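Here's protein.txt, which has compact mmCIF, C-alpha atoms:
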```txt
# COMPACT_ATOMS: atom_id res chain seq x y z
CA MET A 27 88.55 117.87 59.85
CA ILE A 28 85.22 119.62 59.33
CA ILE A 29 81.88 118.49 60.75
CA GLN A 30 78.56 120.21 60.21
CA SER A 31 74.83 120.13 60.83
CA GLU A 32 71.80 122.30 60.34
CA ARG A 33 71.48 122.27 64.14
CA VAL A 34 74.65 123.13 66.06
CA TRP A 35 74.26 124.36 69.65
CA LEU A 36 75.79 127.83 69.84
CA SER A 37 75.09 130.51 72.46
CA GLY A 38 71.82 129.01 73.61
CA GLY A 39 70.30 127.95 70.30
CA PHE A 40 70.61 125.64 67.31
CA TYR A 41 72.01 127.10 64.07
CA PRO A 42 73.42 125.77 60.78
CA ALA A 43 77.19 125.73 61.25
CA THR A 44 80.47 124.00 60.51
CA ILE A 45 83.02 123.08 63.17
CA HIS A 46 86.68 122.87 62.16
CA ILE A 47 88.90 120.60 64.25
CA GLU A 48 92.70 120.60 64.43
CA ASN A 49 94.95 118.75 66.89
CA GLY A 50 92.04 117.74 69.08
CA ARG A 51 90.65 121.24 69.46
CA ILE A 52 88.05 123.39 67.77
CA SER A 53 89.98 125.71 65.48
CA ASN A 54 87.02 127.54 63.94
CA VAL A 55 83.24 127.71 63.99
CA ALA A 56 81.64 129.10 60.84
CA MET A 57 77.99 129.87 60.26
CA GLY A 58 76.32 128.07 57.38
CA LEU A 59 77.17 124.78 55.70
CA SER A 60 80.16 123.75 53.62
CA ASP A 61 80.63 121.58 50.54
CA ASN A 62 83.88 120.26 52.02
CA ALA A 63 82.70 118.78 55.32
CA ASN A 64 84.17 115.42 56.33
CA PHE A 65 81.03 114.65 58.34
CA ASP A 66 77.62 116.06 57.43
CA PHE A 67 75.10 115.21 60.12
CA ALA A 68 72.15 116.82 58.31
CA LYS A 69 69.50 117.88 60.85
CA ARG A 70 70.89 115.94 63.80
CA ARG A 71 71.71 118.04 66.85
CA ILE A 72 75.36 118.75 67.61
CA ILE A 73 76.08 119.59 71.26
CA PRO A 74 79.13 119.76 73.55
CA GLY A 75 80.34 116.49 75.04
CA LEU A 76 78.67 115.50 78.30
CA ILE A 77 80.63 115.53 81.57
CA ASP A 78 79.80 113.18 84.45
CA SER A 79 81.51 114.50 87.58
CA HIS A 80 80.03 111.91 89.96
CA ALA A 81 80.02 108.26 88.90
CA HIS A 82 81.15 105.17 90.82
CA GLY A 83 81.49 102.69 87.99
CA GLY A 84 79.96 100.75 85.16
CA TRP A 85 80.31 97.67 83.00
CA ASP A 86 81.20 95.49 85.99
CA TYR A 87 83.86 97.85 87.33
CA ASP A 88 83.76 99.78 90.61
CA THR A 89 86.06 102.72 91.28
CA ASN A 90 87.12 101.15 94.59
CA GLU A 91 88.59 98.17 92.74
CA ASN A 92 92.23 97.80 91.76
CA ASN A 93 91.28 96.78 88.23
CA PRO A 94 92.97 98.75 85.43
CA GLU A 95 91.20 96.90 82.61
CA GLY A 96 87.85 97.49 84.30
CA LEU A 97 88.49 101.24 84.37
CA ARG A 98 89.58 101.19 80.74
CA ARG A 99 86.43 99.26 79.80
CA TRP A 100 84.27 101.83 81.58
CA ALA A 101 85.99 104.78 79.87
CA ALA A 102 85.68 103.08 76.48
CA ASN A 103 81.92 102.55 76.86
CA LEU A 104 80.97 106.04 78.05
CA PRO A 105 81.08 107.80 74.63
CA ALA A 106 78.12 105.64 73.53
CA GLU A 107 75.99 107.76 75.88
CA GLY A 108 77.64 111.02 74.87
CA VAL A 109 79.99 111.28 77.86
CA THR A 110 83.38 112.62 76.80
CA ALA A 111 84.85 113.26 80.27
CA PHE A 112 84.20 111.98 83.78
CA CYS A 113 85.41 111.73 87.37
CA PRO A 114 85.68 108.20 88.79
CA THR A 115 84.17 108.50 92.25
CA THR A 116 85.19 106.48 95.29
CA VAL A 117 82.97 105.39 98.16
CA THR A 118 83.76 104.93 101.85
CA ASP A 119 85.87 101.82 102.41
CA GLU A 120 88.88 100.51 104.30
CA ASP A 121 91.94 102.71 103.87
CA ALA A 122 93.95 99.98 102.15
CA THR A 123 91.17 99.50 99.59
CA LEU A 124 90.91 103.21 98.90
CA ILE A 125 94.66 103.66 98.54
CA SER A 126 94.84 100.74 96.12
CA ALA A 127 91.92 102.14 94.11
CA LEU A 128 93.44 105.62 93.94
CA GLU A 129 96.77 104.19 92.79
CA ASN A 130 94.94 102.19 90.12
CA ILE A 131 93.20 105.25 88.66
CA SER A 132 96.37 107.31 88.66
CA ARG A 133 98.31 104.50 87.01
CA VAL A 134 95.72 104.14 84.22
CA MET A 135 95.82 107.91 83.66
CA ASP A 136 99.60 107.66 83.27
CA GLU A 137 99.66 104.56 81.07
CA GLY A 138 96.82 105.55 78.75
CA TYR A 139 93.33 104.45 77.82
CA ALA A 140 90.69 105.04 75.13
CA GLY A 141 87.30 106.73 75.30
CA ALA A 142 86.08 109.39 77.71
CA GLU A 143 88.73 111.48 79.41
CA ILE A 144 89.39 110.92 83.11
CA LEU A 145 89.41 114.44 84.55
CA GLY A 146 90.52 113.35 88.01
CA ILE A 147 89.10 111.60 91.04
CA HIS A 148 86.01 112.54 93.04
CA PHE A 149 86.74 111.35 96.60
CA GLU A 150 83.39 110.66 98.31
CA GLY A 151 83.82 109.59 101.91
CA PRO A 152 84.89 108.50 104.44
CA PHE A 153 84.52 111.95 106.07
CA LEU A 154 80.74 111.82 106.22
CA CYS A 155 77.83 111.77 108.68
CA GLN A 156 76.57 108.48 110.10
CA LYS A 157 72.95 109.60 110.20
CA TYR A 158 72.76 110.25 106.47
CA ARG A 159 75.36 107.78 105.27
CA GLY A 160 72.77 106.10 103.00
CA ALA A 161 74.47 103.12 101.38
CA GLN A 162 77.96 104.23 102.48
CA PRO A 163 79.53 101.51 104.68
CA GLU A 164 79.08 102.40 108.34
CA LYS A 165 82.29 101.15 109.94
CA GLN A 166 84.75 103.36 108.08
CA ILE A 167 82.88 106.69 108.35
CA ARG A 168 84.76 109.16 110.53
CA PRO A 169 85.45 112.89 111.11
CA ALA A 170 87.47 114.80 108.53
CA SER A 171 91.25 114.80 108.85
CA VAL A 172 93.75 116.74 106.78
CA VAL A 173 96.54 114.30 107.65
CA GLU A 174 94.49 111.30 106.56
CA PHE A 175 93.41 113.03 103.38
CA GLN A 176 97.01 113.83 102.52
CA ALA A 177 97.77 110.09 102.52
CA PHE A 178 94.96 109.58 100.02
CA GLU A 179 96.26 112.48 97.95
CA LYS A 180 99.68 110.88 97.84
CA ALA A 181 98.24 107.58 96.64
CA ALA A 182 96.30 109.43 93.92
CA ARG A 183 99.41 111.40 92.89
CA ASN A 184 97.50 114.63 93.49
CA ARG A 185 94.73 113.69 91.06
CA ILE A 186 91.84 114.20 93.45
CA VAL A 187 89.85 117.06 91.93
CA ALA A 188 86.74 116.91 94.12
CA ILE A 189 85.81 115.69 97.58
CA THR A 190 82.46 115.06 99.28
CA LEU A 191 82.43 115.59 103.04
CA ALA A 192 80.05 116.47 105.86
CA PRO A 193 81.04 120.01 106.91
CA GLU A 194 79.68 119.60 110.46
CA ASN A 195 82.26 116.83 110.98
CA ASP A 196 85.16 118.94 109.65
CA LYS A 197 86.50 120.56 112.83
CA GLY A 198 87.39 124.17 112.21
CA LEU A 199 86.65 123.46 108.53
CA ALA A 200 90.31 122.49 108.29
CA LEU A 201 89.89 120.01 105.44
CA THR A 202 87.47 122.29 103.60
CA ARG A 203 90.01 125.10 103.69
CA TYR A 204 92.90 122.83 102.78
CA CYS A 205 91.12 121.45 99.73
CA ALA A 206 89.84 124.85 98.61
CA GLN A 207 93.36 126.26 98.75
CA ARG A 208 94.56 123.39 96.56
CA GLY A 209 91.84 123.90 93.96
CA ILE A 210 89.92 120.76 94.94
CA ALA A 211 86.16 121.25 94.61
CA VAL A 212 84.60 120.78 98.05
CA ASN A 213 81.18 119.14 97.88
CA MET A 214 78.92 118.79 100.91
CA GLY A 215 76.93 115.60 101.20
CA HIS A 216 75.82 112.70 103.41
CA SER A 217 75.46 115.45 105.96
CA ASP A 218 73.22 116.67 108.79
CA ALA A 219 74.67 120.18 108.70
CA SER A 220 72.53 123.12 109.71
CA PHE A 221 71.96 126.00 107.32
CA GLU A 222 74.44 128.08 109.29
CA GLN A 223 77.11 125.36 109.15
CA VAL A 224 76.68 125.11 105.40
CA LEU A 225 76.86 128.87 105.02
CA GLU A 226 80.11 128.95 106.99
CA ALA A 227 81.56 126.11 104.88
CA VAL A 228 80.66 127.97 101.69
CA ALA A 229 82.31 131.11 103.03
CA ASN A 230 85.45 129.02 103.54
CA GLY A 231 85.54 127.45 100.10
CA ALA A 232 82.85 124.76 99.76
CA LYS A 233 81.26 124.94 96.29
CA ASN A 234 78.75 122.18 95.69
CA VAL A 235 76.03 120.03 97.26
CA THR A 236 76.32 116.32 96.49
CA HIS A 237 73.20 114.67 95.02
CA VAL A 238 70.64 117.17 96.29
CA TYR A 239 67.68 115.57 98.16
CA ASN A 240 69.67 112.39 98.84
CA GLY A 241 71.93 111.92 101.86
CA MET A 242 70.56 114.88 103.81
CA ALA A 243 67.67 115.94 106.06
CA LYS A 244 64.33 116.79 104.53
CA TYR A 245 63.49 120.46 104.16
CA VAL A 246 61.69 121.73 107.28
CA ASN A 247 60.23 125.21 107.67
CA ARG A 248 62.33 126.08 110.73
CA GLU A 249 65.31 123.84 109.97
CA PRO A 250 66.30 124.37 106.32
CA GLY A 251 69.59 122.50 106.67
CA LEU A 252 71.73 121.45 103.73
CA LEU A 253 68.77 121.14 101.38
CA GLY A 254 67.56 124.63 102.23
CA ALA A 255 71.07 125.95 101.66
CA ALA A 256 71.20 124.24 98.26
CA PHE A 257 68.02 126.11 97.33
CA ARG A 258 68.92 129.46 98.88
CA LEU A 259 72.62 130.17 98.46
CA ASP A 260 73.60 131.99 95.28
CA GLY A 261 76.56 130.51 93.44
CA LEU A 262 76.38 127.20 95.32
CA TYR A 263 76.22 124.29 92.89
CA GLY A 264 73.78 121.43 93.42
CA GLU A 265 73.98 117.96 91.88
CA VAL A 266 70.90 116.07 90.71
CA ILE A 267 70.70 112.36 89.89
CA ALA A 268 68.64 112.58 86.72
CA ASP A 269 67.15 109.09 86.60
CA GLY A 270 63.67 109.92 87.94
CA ILE A 271 64.13 107.31 90.70
CA PHE A 272 66.47 108.87 93.23
CA VAL A 273 64.83 112.21 92.60
CA SER A 274 61.31 112.53 91.26
CA LEU A 275 60.90 114.53 88.08
CA VAL A 276 58.84 117.09 90.01
CA SER A 277 61.61 117.56 92.59
CA ALA A 278 64.25 117.74 89.86
CA SER A 279 62.21 120.40 88.09
CA HIS A 280 61.96 122.35 91.34
CA LEU A 281 65.75 122.37 91.74
CA TYR A 282 66.26 123.72 88.21
CA ARG A 283 63.58 126.37 88.79
CA VAL A 284 65.03 127.52 92.11
CA LYS A 285 68.69 127.52 91.12
CA ASN A 286 70.40 129.70 88.55
CA ASP A 287 70.95 127.90 85.22
CA ASP A 288 74.68 127.99 85.95
CA ASP A 289 74.42 126.22 89.31
CA VAL A 290 72.83 122.79 88.66
CA ILE A 291 75.00 119.78 87.84
CA MET A 292 73.47 116.64 86.36
CA ILE A 293 75.14 113.40 87.47
CA SER A 294 74.62 109.70 86.91
CA ASP A 295 75.89 108.46 90.32
CA SER A 296 76.27 105.20 88.40
CA MET A 297 77.33 101.90 89.93
CA LYS A 298 79.39 98.99 88.55
CA SER A 299 76.11 97.30 87.56
CA LYS A 300 75.53 99.92 84.85
CA GLY A 301 75.70 98.17 81.49
CA CYS A 302 75.10 94.82 83.21
CA PRO A 303 72.02 92.58 83.62
CA PRO A 304 69.88 92.65 86.79
CA GLY A 305 71.46 90.70 89.62
CA ARG A 306 73.65 90.87 92.70
CA TYR A 307 76.77 93.05 92.80
CA MET A 308 79.12 94.57 95.41
CA PHE A 309 79.54 98.20 96.43
CA GLY A 310 81.78 99.43 99.23
CA GLY A 311 82.41 95.83 100.26
CA GLU A 312 78.70 95.16 100.77
CA PRO A 313 76.13 93.51 98.44
CA MET A 314 73.66 95.45 96.32
CA ILE A 315 70.91 94.27 94.00
CA LEU A 316 70.22 95.71 90.55
CA GLY A 317 66.49 95.64 89.81
CA GLU A 318 64.55 95.78 86.58
CA ASP A 319 63.96 99.52 87.14
CA GLY A 320 67.68 100.23 86.73
CA ALA A 321 68.30 101.22 90.37
CA THR A 322 70.54 99.38 92.81
CA ARG A 323 69.50 98.76 96.40
CA ARG A 324 70.92 97.19 99.53
CA GLU A 325 69.21 94.02 100.74
CA ASN A 326 67.22 96.19 103.20
CA GLY A 327 65.83 98.27 100.32
CA VAL A 328 68.08 101.34 100.76
CA LEU A 329 68.90 102.90 97.40
CA VAL A 330 72.58 102.67 96.49
CA GLY A 331 73.05 104.22 93.07
CA SER A 332 71.81 104.37 89.53
CA THR A 333 72.66 102.83 86.19
CA LEU A 334 71.75 106.03 84.36
CA HIS A 335 73.17 106.83 80.94
CA LEU A 336 73.67 110.58 80.88
CA ASN A 337 72.00 111.11 77.49
CA ARG A 338 68.87 109.57 79.04
CA GLY A 339 69.30 111.94 81.98
CA LEU A 340 69.17 114.82 79.53
CA TYR A 341 66.01 113.29 78.06
CA ASN A 342 64.47 112.86 81.53
CA MET A 343 65.10 116.45 82.51
CA VAL A 344 63.91 118.04 79.25
CA GLU A 345 61.05 115.76 78.24
CA GLY A 346 60.00 114.55 81.70
CA ALA A 347 60.82 117.31 84.18
CA MET A 348 60.14 119.99 81.53
CA VAL A 349 63.45 121.74 82.16
CA PRO A 350 64.40 124.04 79.25
CA PHE A 351 66.88 122.32 76.96
CA GLY A 352 69.54 124.98 77.46
CA ALA A 353 69.43 124.73 81.25
CA ALA A 354 69.52 120.93 81.20
CA LEU A 355 72.42 120.92 78.74
CA LYS A 356 74.44 123.39 80.81
CA SER A 357 74.06 121.10 83.81
CA CYS A 358 75.96 118.27 82.09
CA THR A 359 78.48 120.32 80.09
CA ILE A 360 79.74 123.77 81.06
CA ASN A 361 78.55 123.71 84.70
CA PRO A 362 80.58 120.68 85.81
CA ALA A 363 83.49 122.03 83.76
CA ARG A 364 83.29 125.31 85.68
CA LEU A 365 83.03 123.53 89.03
CA LEU A 366 86.27 121.71 88.25
CA GLY A 367 87.99 124.82 86.86
CA LEU A 368 88.03 123.44 83.31
CA ASP A 369 85.57 125.83 81.69
CA GLY A 370 88.34 127.52 79.72
CA HIS A 371 88.63 124.52 77.42
CA LYS A 372 85.71 122.18 78.07
CA GLY A 373 81.92 122.41 77.99
CA LYS A 374 81.33 124.58 74.91
CA LEU A 375 81.47 124.44 71.13
CA GLN A 376 83.86 127.34 70.80
CA ARG A 377 87.20 128.09 69.17
CA GLY A 378 90.08 126.90 71.35
CA TYR A 379 87.99 124.38 73.27
CA ASP A 380 88.60 120.63 73.25
CA ALA A 381 86.74 119.00 70.37
CA ASP A 382 84.49 116.98 72.69
CA ILE A 383 81.37 116.81 70.57
CA VAL A 384 78.17 114.75 70.55
CA VAL A 385 75.76 114.22 67.68
CA LEU A 386 72.32 113.60 69.12
CA GLU A 387 69.17 112.17 67.54
CA ASP A 388 65.81 113.77 68.25
CA ASN A 389 65.02 110.85 70.60
CA TYR A 390 68.27 111.60 72.50
CA ASP A 391 70.07 108.50 71.24
CA VAL A 392 73.71 109.19 70.48
CA HIS A 393 74.68 109.00 66.81
CA THR A 394 78.36 109.93 67.07
CA THR A 395 80.74 111.07 69.79
CA PHE A 396 84.08 112.81 69.28
CA CYS A 397 86.58 112.86 72.15
CA CYS A 398 89.28 115.48 71.52
CA GLY A 399 88.47 115.36 67.83
CA GLU A 400 88.61 111.58 67.43
CA VAL A 401 85.55 109.43 66.77
CA ALA A 402 85.07 107.53 70.04
CA TYR A 403 81.63 106.14 69.19
CA SER A 404 79.46 105.92 66.10
CA VAL A 405 76.28 104.01 65.33
CA ALA A 406 78.01 103.05 62.08
CA GLY A 407 80.55 101.11 64.13
```

Translate this structure into structure tokens?
Amino acid sequence: MIIQSERVWLSGGFYPATIHIENGRISNVAMGLSDNANFDFAKRRIIPGLIDSHAHGGWDYDTNENNPEGLRRWAANLPAEGVTAFCPTTVTDEDATLISALENISRVMDEGYAGAEILGIHFEGPFLCQKYRGAQPEKQIRPASVVEFQAFEKAARNRIVAITLAPENDKGLALTRYCAQRGIAVNMGHSDASFEQVLEAVANGAKNVTHVYNGMAKYVNREPGLLGAAFRLDGLYGEVIADGIFVSLVSASHLYRVKNDDDVIMISDSMKSKGCPPGRYMFGGEPMILGEDGATRRENGVLVGSTLHLNRGLYNMVEGAMVPFGAALKSCTINPARLLGLDGHKGKLQRGYDADIVVLEDNYDVHTTFCCGEVAYSVAG
């Protein structure tokens, strides 16, 4: 199959090019246009598929639920926003609930599904900090434990690819080291860690800061903490919820300006209410309310999560926060792929890479999405 456009994103710019696809991978990229293309997208932009490495649910499904059809429904809907791969993300809950949820995800991965690829599980909680738990349920939060985590790993059949923990509650950084040795991306979040504690965690394998600005202390001149570390430490990734609600566009712009282009990761942090009408839903066993603004909140007003579509996140960062297109695109393609160790075959339009491809309108609406070379979404139906 051959697809083409006058604007294909290659090496930091748009150029006329054809992309040849064989067996789900890009077999060749040729400059210029062809008379033999199967799909000619004219002047529409062709970019790599978007990757959402931190998302809790959508379309009335929550990752903590033992609901295989709900997970399949979520995966099937994601290509409409340009997402070709994602990490279902858990939230703090009772152990039995988490084990059941992990088994559900692993079972769906084994049995098959359509739509965006499930890259593995992002395990957020319960090894967090009470002070900055945010909307995470209070009763189940506890210090990190390698033994307890191993039980969760077993339930997930070793498909946990990322974990969020509070490093100050990881005694001797035992779980941080364990996960790093196993190739699990260690994210620091919902944490009151000092700058020095973060620095030590990074030196022992931690790689990312979960939803920068949220779930951590404010930046103080003499107490930089986790937020200061996210700004200062070279090579440390930092997530940003790109909805303009959890993080203002000014603050989002600041993160992109301070960090290297390779170190910001755009996320949706979406909830099960994504794709659903405003109303009352559950998250972590507790109620949340989806408002007209697209954000979910606890009954006391605490923000829970977003309903962001990632193509709109790209729009928000470029057109609202004035982040250069290339930097914003990296943050939802090659950067999360690199964090997860998948940058050898995902995140670029390059020979040998998975044919995860999005055709984008100038208004950032998705025209067509290819997942591993197959049309997973098209405005034509």

How far is it from CA of Ser171 (chain A) to CA of Thr118 (chain A), in Å with one decimal?
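Atom-to-atom, CA of Ser171 (chain A) and CA of Thr118 (chain A) are spaced 14.2 Å apart.
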
Just checking: using all atoms listed in the file, which residue out of A:Asp88, A:Asp61, A:Glu265, A:Glu345 ends up closest to Lys233 (chain A)?
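Looking at the shortest contact to Lys233 (chain A), the residue is A:Glu265.
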
Please, which residues in region 74-155 of chain A fall within 9 Å of region 372-394 of chain A when counting only C-alpha atoms, and what is the closest atom pair and distance in Å to one decimal for each, ordered by chain then residue number, as JSON lines?
```
{"residue": "A:Pro74", "atom": "CA", "partner": "A:Ile383", "partner_atom": "CA", "distance": 4.8}
{"residue": "A:Gly75", "atom": "CA", "partner": "A:Ile383", "partner_atom": "CA", "distance": 4.6}
{"residue": "A:Leu76", "atom": "CA", "partner": "A:Gly373", "partner_atom": "CA", "distance": 7.6}
{"residue": "A:Ile77", "atom": "CA", "partner": "A:Gly373", "partner_atom": "CA", "distance": 7.9}
{"residue": "A:Pro105", "atom": "CA", "partner": "A:Thr394", "partner_atom": "CA", "distance": 8.3}
{"residue": "A:Ala106", "atom": "CA", "partner": "A:Val392", "partner_atom": "CA", "distance": 6.4}
{"residue": "A:Glu107", "atom": "CA", "partner": "A:Val392", "partner_atom": "CA", "distance": 6.0}
{"residue": "A:Gly108", "atom": "CA", "partner": "A:Val384", "partner_atom": "CA", "distance": 5.7}
{"residue": "A:Val109", "atom": "CA", "partner": "A:Val384", "partner_atom": "CA", "distance": 8.3}
{"residue": "A:Thr110", "atom": "CA", "partner": "A:Asp382", "partner_atom": "CA", "distance": 6.1}
{"residue": "A:Ala111", "atom": "CA", "partner": "A:Asp382", "partner_atom": "CA", "distance": 8.5}
```

Which value, in Å to one decimal, gives the distance between CA of Ala192 (chain A) and CA of His216 (chain A)?
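Computing the Euclidean distance for CA of Ala192 (chain A) and CA of His216 (chain A) yields 6.2 Å.
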
Do you have the CA of Ala56 (chain A)-CA of Gly399 (chain A) distance handy?
16.9 Å

Quick one: residues within 8 Å of Ala219 (chain A), all atoms listed in the file counted, chain neighbours fewer than 4 positions away excluded, as a ChimeraX atom specification?
/A:192-194,223-224,251-252

Choose the residue, out of A:Val401, A:Val328, A:Ala353, A:Ala206, that has the smallest atom-to-atom separation from Gln162 (chain A); count all atoms listed in the file.
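Looking only at the distances to Gln162 (chain A), the closest residue turns out to be A:Val328.
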
Could you check the closest approach to Ala182 (chain A) for each of A:Leu128, A:Cys302, A:Leu355, A:Ile315 and tell me which residue wins, using only C-alpha atoms?
A:Leu128
